[in-house]
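Text of work35.txt (compact mmCIF, C-alpha atoms) as supplied:
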# COMPACT_ATOMS: atom_id res chain seq x y z
CA SER W 1344 84.33 120.36 45.81
CA GLN W 1345 84.09 116.73 46.84
CA GLN W 1346 80.63 115.19 47.11
CA GLY W 1347 81.86 113.01 49.95
CA GLU W 1348 84.19 114.41 52.56
CA GLU W 1349 85.59 112.22 55.29
CA ASP W 1350 86.49 113.23 58.78
CA PRO W 1351 89.02 112.84 60.30
CA GLN W 1352 91.71 112.81 57.63
CA ALA W 1353 93.82 110.52 59.80
CA LEU W 1354 93.07 108.36 62.83
CA SER W 1355 95.54 106.48 65.00
CA ILE W 1356 94.30 103.98 67.60
CA GLN W 1357 95.38 100.92 69.56
CA GLU W 1358 94.33 97.40 68.70
CA GLY W 1359 91.02 96.55 70.37
CA GLU W 1360 89.70 100.10 70.29
CA ASN W 1361 86.81 101.22 68.11
CA ALA W 1362 87.34 103.47 65.10
CA THR W 1363 84.73 105.90 63.85
CA MET W 1364 84.94 107.72 60.54
CA ASN W 1365 82.44 110.25 59.26
CA CYS W 1366 81.37 111.29 55.79
CA SER W 1367 79.37 114.28 54.64
CA TYR W 1368 77.90 114.86 51.21
CA LYS W 1369 75.99 117.58 49.41
CA THR W 1370 73.32 116.22 47.05
CA SER W 1371 70.54 113.64 47.16
CA ILE W 1372 71.81 110.10 46.80
CA ASN W 1373 70.63 106.65 45.75
CA ASN W 1374 73.09 104.97 48.09
CA LEU W 1375 76.31 105.52 49.98
CA GLN W 1376 79.16 103.06 49.99
CA TRP W 1377 82.31 102.56 52.02
CA TYR W 1378 85.54 101.19 50.59
CA ARG W 1379 88.91 100.21 52.03
CA GLN W 1380 92.25 100.59 50.30
CA ASN W 1381 95.38 98.85 51.49
CA SER W 1382 98.71 100.29 50.44
CA GLY W 1383 99.51 99.52 46.81
CA ARG W 1384 96.15 97.89 46.13
CA GLY W 1385 92.83 98.80 44.60
CA LEU W 1386 89.76 99.82 46.57
CA VAL W 1387 87.69 97.04 48.09
CA HIS W 1388 83.99 97.44 48.74
CA LEU W 1389 82.95 97.09 52.38
CA ILE W 1390 79.30 97.97 52.68
CA LEU W 1391 76.47 99.72 50.80
CA ILE W 1392 73.60 101.51 52.48
CA ARG W 1393 70.60 102.66 50.49
CA SER W 1394 69.00 106.07 50.92
CA ASN W 1395 65.96 104.55 52.65
CA GLU W 1396 68.08 102.67 55.20
CA ARG W 1397 69.37 104.15 58.44
CA GLU W 1398 71.78 101.52 59.73
CA LYS W 1399 73.54 98.46 58.41
CA HIS W 1400 75.91 95.92 59.92
CA SER W 1401 78.50 93.61 58.43
CA GLY W 1402 80.70 91.71 60.85
CA ARG W 1403 82.63 94.29 62.87
CA LEU W 1404 81.39 97.11 60.67
CA ARG W 1405 78.44 99.33 61.43
CA VAL W 1406 77.31 102.05 59.05
CA THR W 1407 74.72 104.71 59.74
CA LEU W 1408 73.11 107.12 57.29
CA ASP W 1409 71.31 110.34 58.12
CA THR W 1410 69.87 111.75 54.91
CA SER W 1411 68.47 114.82 56.69
CA LYS W 1412 72.01 115.78 57.70
CA LYS W 1413 73.56 114.33 54.56
CA SER W 1414 76.05 112.37 56.62
CA SER W 1415 77.19 108.83 57.28
CA SER W 1416 79.49 107.15 59.76
CA LEU W 1417 81.52 103.96 59.64
CA LEU W 1418 82.29 102.25 62.93
CA ILE W 1419 84.87 99.48 63.12
CA THR W 1420 84.64 97.68 66.43
CA ALA W 1421 87.47 95.82 68.19
CA SER W 1422 90.00 97.03 65.64
CA ARG W 1423 92.95 94.90 64.52
CA ALA W 1424 96.31 95.81 63.07
CA ALA W 1425 95.06 94.35 59.77
CA ASP W 1426 92.41 97.10 59.66
CA THR W 1427 95.18 99.62 58.93
CA ALA W 1428 94.22 101.14 55.59
CA SER W 1429 92.58 104.15 53.95
CA TYR W 1430 88.80 104.27 54.11
CA PHE W 1431 86.66 106.08 51.55
CA CYS W 1432 83.01 106.92 51.37
CA ALA W 1433 81.39 107.19 47.95
CA THR W 1434 77.99 108.42 46.89
CA ASP W 1435 75.79 107.24 44.05
CA ALA W 1436 73.61 110.10 42.89
CA SER W 1437 71.35 109.98 39.85
CA ASN W 1438 71.84 112.53 37.15
CA ALA W 1439 69.04 114.74 35.80
CA GLY W 1440 67.81 111.83 33.70
CA GLY W 1441 67.38 109.68 36.79
CA THR W 1442 70.22 107.32 35.99
CA SER W 1443 73.67 107.01 37.45
CA TYR W 1444 75.05 103.96 35.63
CA GLY W 1445 76.76 103.14 38.90
CA LYS W 1446 78.86 106.28 38.89
CA LEU W 1447 80.32 107.06 42.31
CA THR W 1448 81.87 110.21 43.72
CA PHE W 1449 84.60 109.45 46.25
CA GLY W 1450 85.81 111.52 49.16
CA GLN W 1451 89.44 112.10 50.06
CA GLY W 1452 89.51 109.28 52.57
CA THR W 1453 90.52 108.65 56.17
CA ILE W 1454 93.87 107.03 56.88
CA LEU W 1455 93.41 104.59 59.76
CA THR W 1456 96.41 103.25 61.63
CA VAL W 1457 95.86 100.52 64.21
CA HIS W 1458 98.85 99.91 66.46
CA PRO W 1459 99.41 96.35 67.79
CA ASP J 911 86.15 84.29 40.08
CA ALA J 912 88.59 86.59 38.31
CA GLY J 913 88.39 90.19 39.37
CA VAL J 914 89.14 93.28 37.31
CA ILE J 915 92.48 92.79 35.60
CA GLN J 916 94.72 95.70 34.75
CA SER J 917 97.98 95.72 32.86
CA PRO J 918 100.72 96.63 33.17
CA ARG J 919 101.03 96.93 36.96
CA HIS J 920 103.91 99.36 36.63
CA GLU J 921 104.97 101.55 33.73
CA VAL J 922 107.98 103.83 33.59
CA THR J 923 108.50 105.83 30.45
CA GLU J 924 109.98 109.06 29.22
CA MET J 925 108.08 112.25 28.61
CA GLY J 926 106.55 112.41 25.15
CA GLN J 927 106.05 108.68 24.78
CA GLU J 928 102.65 107.10 24.20
CA VAL J 929 101.26 105.12 27.14
CA THR J 930 98.48 102.56 26.88
CA LEU J 931 96.81 101.13 29.97
CA ARG J 932 94.58 98.08 29.68
CA CYS J 933 91.61 96.78 31.62
CA LYS J 934 89.54 93.62 31.55
CA PRO J 935 86.32 94.06 33.57
CA ILE J 936 84.49 91.32 35.41
CA SER J 937 82.41 89.25 33.02
CA GLY J 938 78.79 90.40 33.01
CA HIS J 939 79.54 93.87 34.35
CA ASN J 940 78.26 96.48 31.93
CA SER J 941 79.66 99.66 33.44
CA LEU J 942 83.38 100.42 33.40
CA PHE J 943 85.16 103.31 35.11
CA TRP J 944 88.66 104.77 34.77
CA TYR J 945 90.10 106.67 37.75
CA ARG J 946 93.35 108.44 38.52
CA GLN J 947 94.71 108.64 42.07
CA THR J 948 97.35 111.07 43.32
CA MET J 949 98.25 112.33 46.77
CA MET J 950 97.35 115.88 45.80
CA ARG J 951 94.02 115.29 44.04
CA GLY J 952 92.82 112.03 45.54
CA LEU J 953 90.72 109.69 43.40
CA GLU J 954 89.42 111.34 40.23
CA LEU J 955 86.92 109.81 37.82
CA LEU J 956 88.23 110.25 34.29
CA ILE J 957 85.61 108.54 32.13
CA TYR J 958 83.01 105.83 32.33
CA PHE J 959 81.27 103.53 29.88
CA ASN J 960 77.97 101.71 29.96
CA ASN J 961 77.43 98.85 27.51
CA ASN J 962 80.69 99.89 25.77
CA VAL J 963 79.42 103.43 25.13
CA PRO J 964 81.19 106.40 26.76
CA ILE J 965 78.69 108.13 29.04
CA ASP J 966 80.72 110.93 30.56
CA ASP J 967 84.29 111.92 29.73
CA SER J 968 84.23 115.28 31.48
CA GLY J 969 86.92 114.10 33.88
CA MET J 970 89.48 113.52 31.14
CA PRO J 971 92.07 116.19 31.86
CA GLU J 972 93.21 117.00 28.34
CA ASP J 973 92.98 115.94 24.72
CA ARG J 974 96.13 113.95 25.31
CA PHE J 975 93.94 111.42 27.12
CA SER J 976 91.64 109.07 25.25
CA ALA J 977 89.75 105.91 26.19
CA LYS J 978 88.07 103.19 24.21
CA MET J 979 85.95 100.16 24.93
CA PRO J 980 85.81 98.11 21.73
CA ASN J 981 83.95 95.23 23.40
CA ALA J 982 82.49 94.20 26.74
CA SER J 983 85.69 92.56 27.93
CA PHE J 984 88.34 95.14 27.15
CA SER J 985 89.08 98.83 27.58
CA THR J 986 92.13 101.01 27.07
CA LEU J 987 93.22 104.37 28.39
CA LYS J 988 95.80 106.09 26.24
CA ILE J 989 97.99 109.11 26.95
CA GLN J 990 99.77 110.66 23.98
CA PRO J 991 102.09 112.44 24.45
CA SER J 992 102.74 111.71 28.12
CA GLU J 993 103.99 114.36 30.57
CA PRO J 994 105.56 114.08 34.05
CA ARG J 995 102.36 115.47 35.65
CA ASP J 996 100.51 112.40 34.36
CA SER J 997 102.40 110.28 36.90
CA ALA J 998 99.79 108.63 39.12
CA VAL J 999 98.09 105.34 39.85
CA TYR J 1000 95.36 104.61 37.32
CA PHE J 1001 92.49 102.34 38.37
CA CYS J 1002 89.84 100.58 36.38
CA ALA J 1003 86.62 99.45 38.03
CA SER J 1004 83.50 97.68 36.83
CA SER J 1005 79.98 97.15 38.12
CA PRO J 1006 76.70 95.61 36.97
CA VAL J 1007 74.00 98.12 36.11
CA GLY J 1008 70.33 97.49 35.42
CA ALA J 1009 68.67 98.11 32.08
CA SER J 1010 67.21 101.38 33.35
CA GLY J 1011 70.66 102.67 34.25
CA GLY J 1012 70.08 102.47 37.97
CA SER J 1013 72.42 100.62 40.26
CA ASN J 1014 72.65 99.62 43.89
CA GLN J 1015 75.76 97.59 43.30
CA PRO J 1016 79.36 98.18 44.35
CA GLN J 1017 82.22 98.85 42.02
CA HIS J 1018 84.99 96.28 41.77
CA PHE J 1019 88.47 97.71 41.35
CA GLY J 1020 91.60 96.35 39.76
CA ASP J 1021 94.94 96.76 41.52
CA GLY J 1022 95.88 99.67 39.30
CA THR J 1023 98.72 100.70 37.04
CA ARG J 1024 101.42 102.79 38.70
CA LEU J 1025 102.59 105.17 35.98
CA SER J 1026 105.79 107.17 36.21
CA ILE J 1027 106.66 109.65 33.47
CA LEU J 1028 110.28 110.79 33.62

For the file at hand, write its structure as structure tokens.
Amino acid sequence: SQQGEEDPQALSIQEGENATMNCSYKTSINNLQWYRQNSGRGLVHLILIRSNEREKHSGRLRVTLDTSKKSSSLLITASRAADTASYFCATDASNAGGTSYGKLTFGQGTILTVHP
Amino acid sequence: DAGVIQSPRHEVTEMGQEVTLRCKPISGHNSLFWYRQTMMRGLELLIYFNNNVPIDDSGMPEDRFSAKMPNASFSTLKIQPSEPRDSAVYFCASSPVGASGGSNQPQHFGDGTRLSIL
């Protein structure tokens, strides 16, 4: 099963509204990251939150992390049509040797559509 | 700065043919990852390298798939022989990793190779 699972699978909103996407995971992590993918393009990193952090902001993005619940949320405020994309959470979890080499496990993603 | 460069961007070939996908990571990044993305299975990690050494290839679906990293600036993913079910978008990504193997750095993705096997 996926380490990171996003909810909802699809989200449709109007421009100016806020969009919230959630991610749950199963094992202990070093950090959790959010990525965006526009149609026909590669994934683009948005924000990284470490396991000892609870909240992080970047422009219109706000990410929270609750390690006790093994969950994270991504909030996009004042959405724009250009925010239309798929959003993925990814977890970095060390292996038994304590290293991850940057390996990430991605969820299935949330498809966000922002209508003008 | 140049990002991760993948070639070709699109590949259409007939079943049974050999396919070679290429990736040039960002200079200075010492971990390299190959992914496959399909609608049905999402984004799957196939194999990853650290300092040109394969660390984990457990995601490689079959012996028909092989990957190499002969130097820090080049990697290939080869499928031989190719089958229609190999049709997907293949991504390469790179990231910098510390000497201890730990990382709190993002991965940087190329724009992928869209592979169609007829």

Which is closer to chain W than all the others in J:Met925, J:Val1007, J:Met950, J:Ile1027, using all atoms listed in the file?
-> J:Val1007

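Note that the spacing between atom CA of J:Val999 and atom CA of J:Thr948 amounts to 6.7 Å.
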
May I ask you to extract the residues of chain J within 7 Å of chain W, using all atoms listed in the file, and to give them as a VMD selection string?
-> chain J and resid 941 952 to 953 960 1005 1007 1011 to 1014 1016 1018 to 1022

Could you save those same residues with C-alpha atoms as a PDB file, in the coordinates of the input?
ATOM      1  CA  SER J 941      79.660  99.660  33.440  1.00  0.00           C
ATOM      2  CA  GLY J 952      92.820 112.030  45.540  1.00  0.00           C
ATOM      3  CA  LEU J 953      90.720 109.690  43.400  1.00  0.00           C
ATOM      4  CA  ASN J 960      77.970 101.710  29.960  1.00  0.00           C
ATOM      5  CA  SER J1005      79.980  97.150  38.120  1.00  0.00           C
ATOM      6  CA  VAL J1007      74.000  98.120  36.110  1.00  0.00           C
ATOM      7  CA  GLY J1011      70.660 102.670  34.250  1.00  0.00           C
ATOM      8  CA  GLY J1012      70.080 102.470  37.970  1.00  0.00           C
ATOM      9  CA  SER J1013      72.420 100.620  40.260  1.00  0.00           C
ATOM     10  CA  ASN J1014      72.650  99.620  43.890  1.00  0.00           C
ATOM     11  CA  PRO J1016      79.360  98.180  44.350  1.00  0.00           C
ATOM     12  CA  HIS J1018      84.990  96.280  41.770  1.00  0.00           C
ATOM     13  CA  PHE J1019      88.470  97.710  41.350  1.00  0.00           C
ATOM     14  CA  GLY J1020      91.600  96.350  39.760  1.00  0.00           C
ATOM     15  CA  ASP J1021      94.940  96.760  41.520  1.00  0.00           C
ATOM     16  CA  GLY J1022      95.880  99.670  39.300  1.00  0.00           C
TER      17      GLY J1022
END

Please provide the set of residues having any atom within 12 Å of W:Thr1453, restricted to only C-alpha atoms, with same-chain residues fewer than 5 positions apart removed, written as a list in words.
-> Gly1347, Glu1348, Glu1349, Asp1350, Pro1351, Gln1352, Ala1353, Leu1354, Ser1355, Ala1362, Thr1363, Met1364, Asn1365, Cys1366, Trp1377, Tyr1378, Arg1379, Gln1380, Asn1381, Ser1416, Leu1417, Thr1427, Ala1428, Ser1429, Tyr1430, Phe1431 and Cys1432 of chain W; Gly952 of chain J

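For the pair atom CA of J:Ala1003 and atom CA of J:Phe984, the separation is 11.8 Å.
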
Neighbouring residues of J:Asn962 were defined as those with any atom within 8 Å, considering only C-alpha atoms; residues of the same chain fewer than 3 positions away were excluded. Please report them as a compact mmCIF listing (two decimals) with C-alpha atoms, in the frame of the given file.
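Dumped to out.txt:
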# COMPACT_ATOMS: atom_id res chain seq x y z
CA ASN J 940 78.26 96.48 31.93
CA SER J 941 79.66 99.66 33.44
CA PHE J 959 81.27 103.53 29.88
CA MET J 979 85.95 100.16 24.93
CA PRO J 980 85.81 98.11 21.73
CA ASN J 981 83.95 95.23 23.40
CA ALA J 982 82.49 94.20 26.74

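Computed from the coordinates, the atom CA of J:Tyr1000 to atom CA of J:Ile915 distance equals 12.3 Å.
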
Would you mind listing what lies within 7 Å of W:Arg1405 as number ranges by chain, with all atoms listed in the file counted and same-chain residues fewer than 4 positions away left out?
-> W: 1399-1401, 1417-1419

One residue among J:Gln947, J:Ser976, J:Thr1023, J:Ser937 is nearest to J:Pro1006 when using all atoms listed in the file, and that residue is J:Ser937

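When all atoms listed in the file are used to measure the gap to W:Thr1410, the shortest distance among W:Ser1394, W:Gln1357, W:Leu1455, W:Ser1382 belongs to W:Ser1394.
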
If you take every atom of stretch 956-969 of chain J that the file lists and fit an axis-aligned box around them with 8 Å extra on each side, what centre and edge lengths come out in Å to one decimal, as JSON?
{"center_x": 82.8, "center_y": 107.1, "center_z": 29.7, "size_x": 26.8, "size_y": 32.4, "size_z": 25.2}

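Residues surrounding J:Ile957 within 6 Å are Trp944, Asp966, Asp967 and Gly969 of chain J [only C-alpha atoms; sequence separation below 5 positions excluded].
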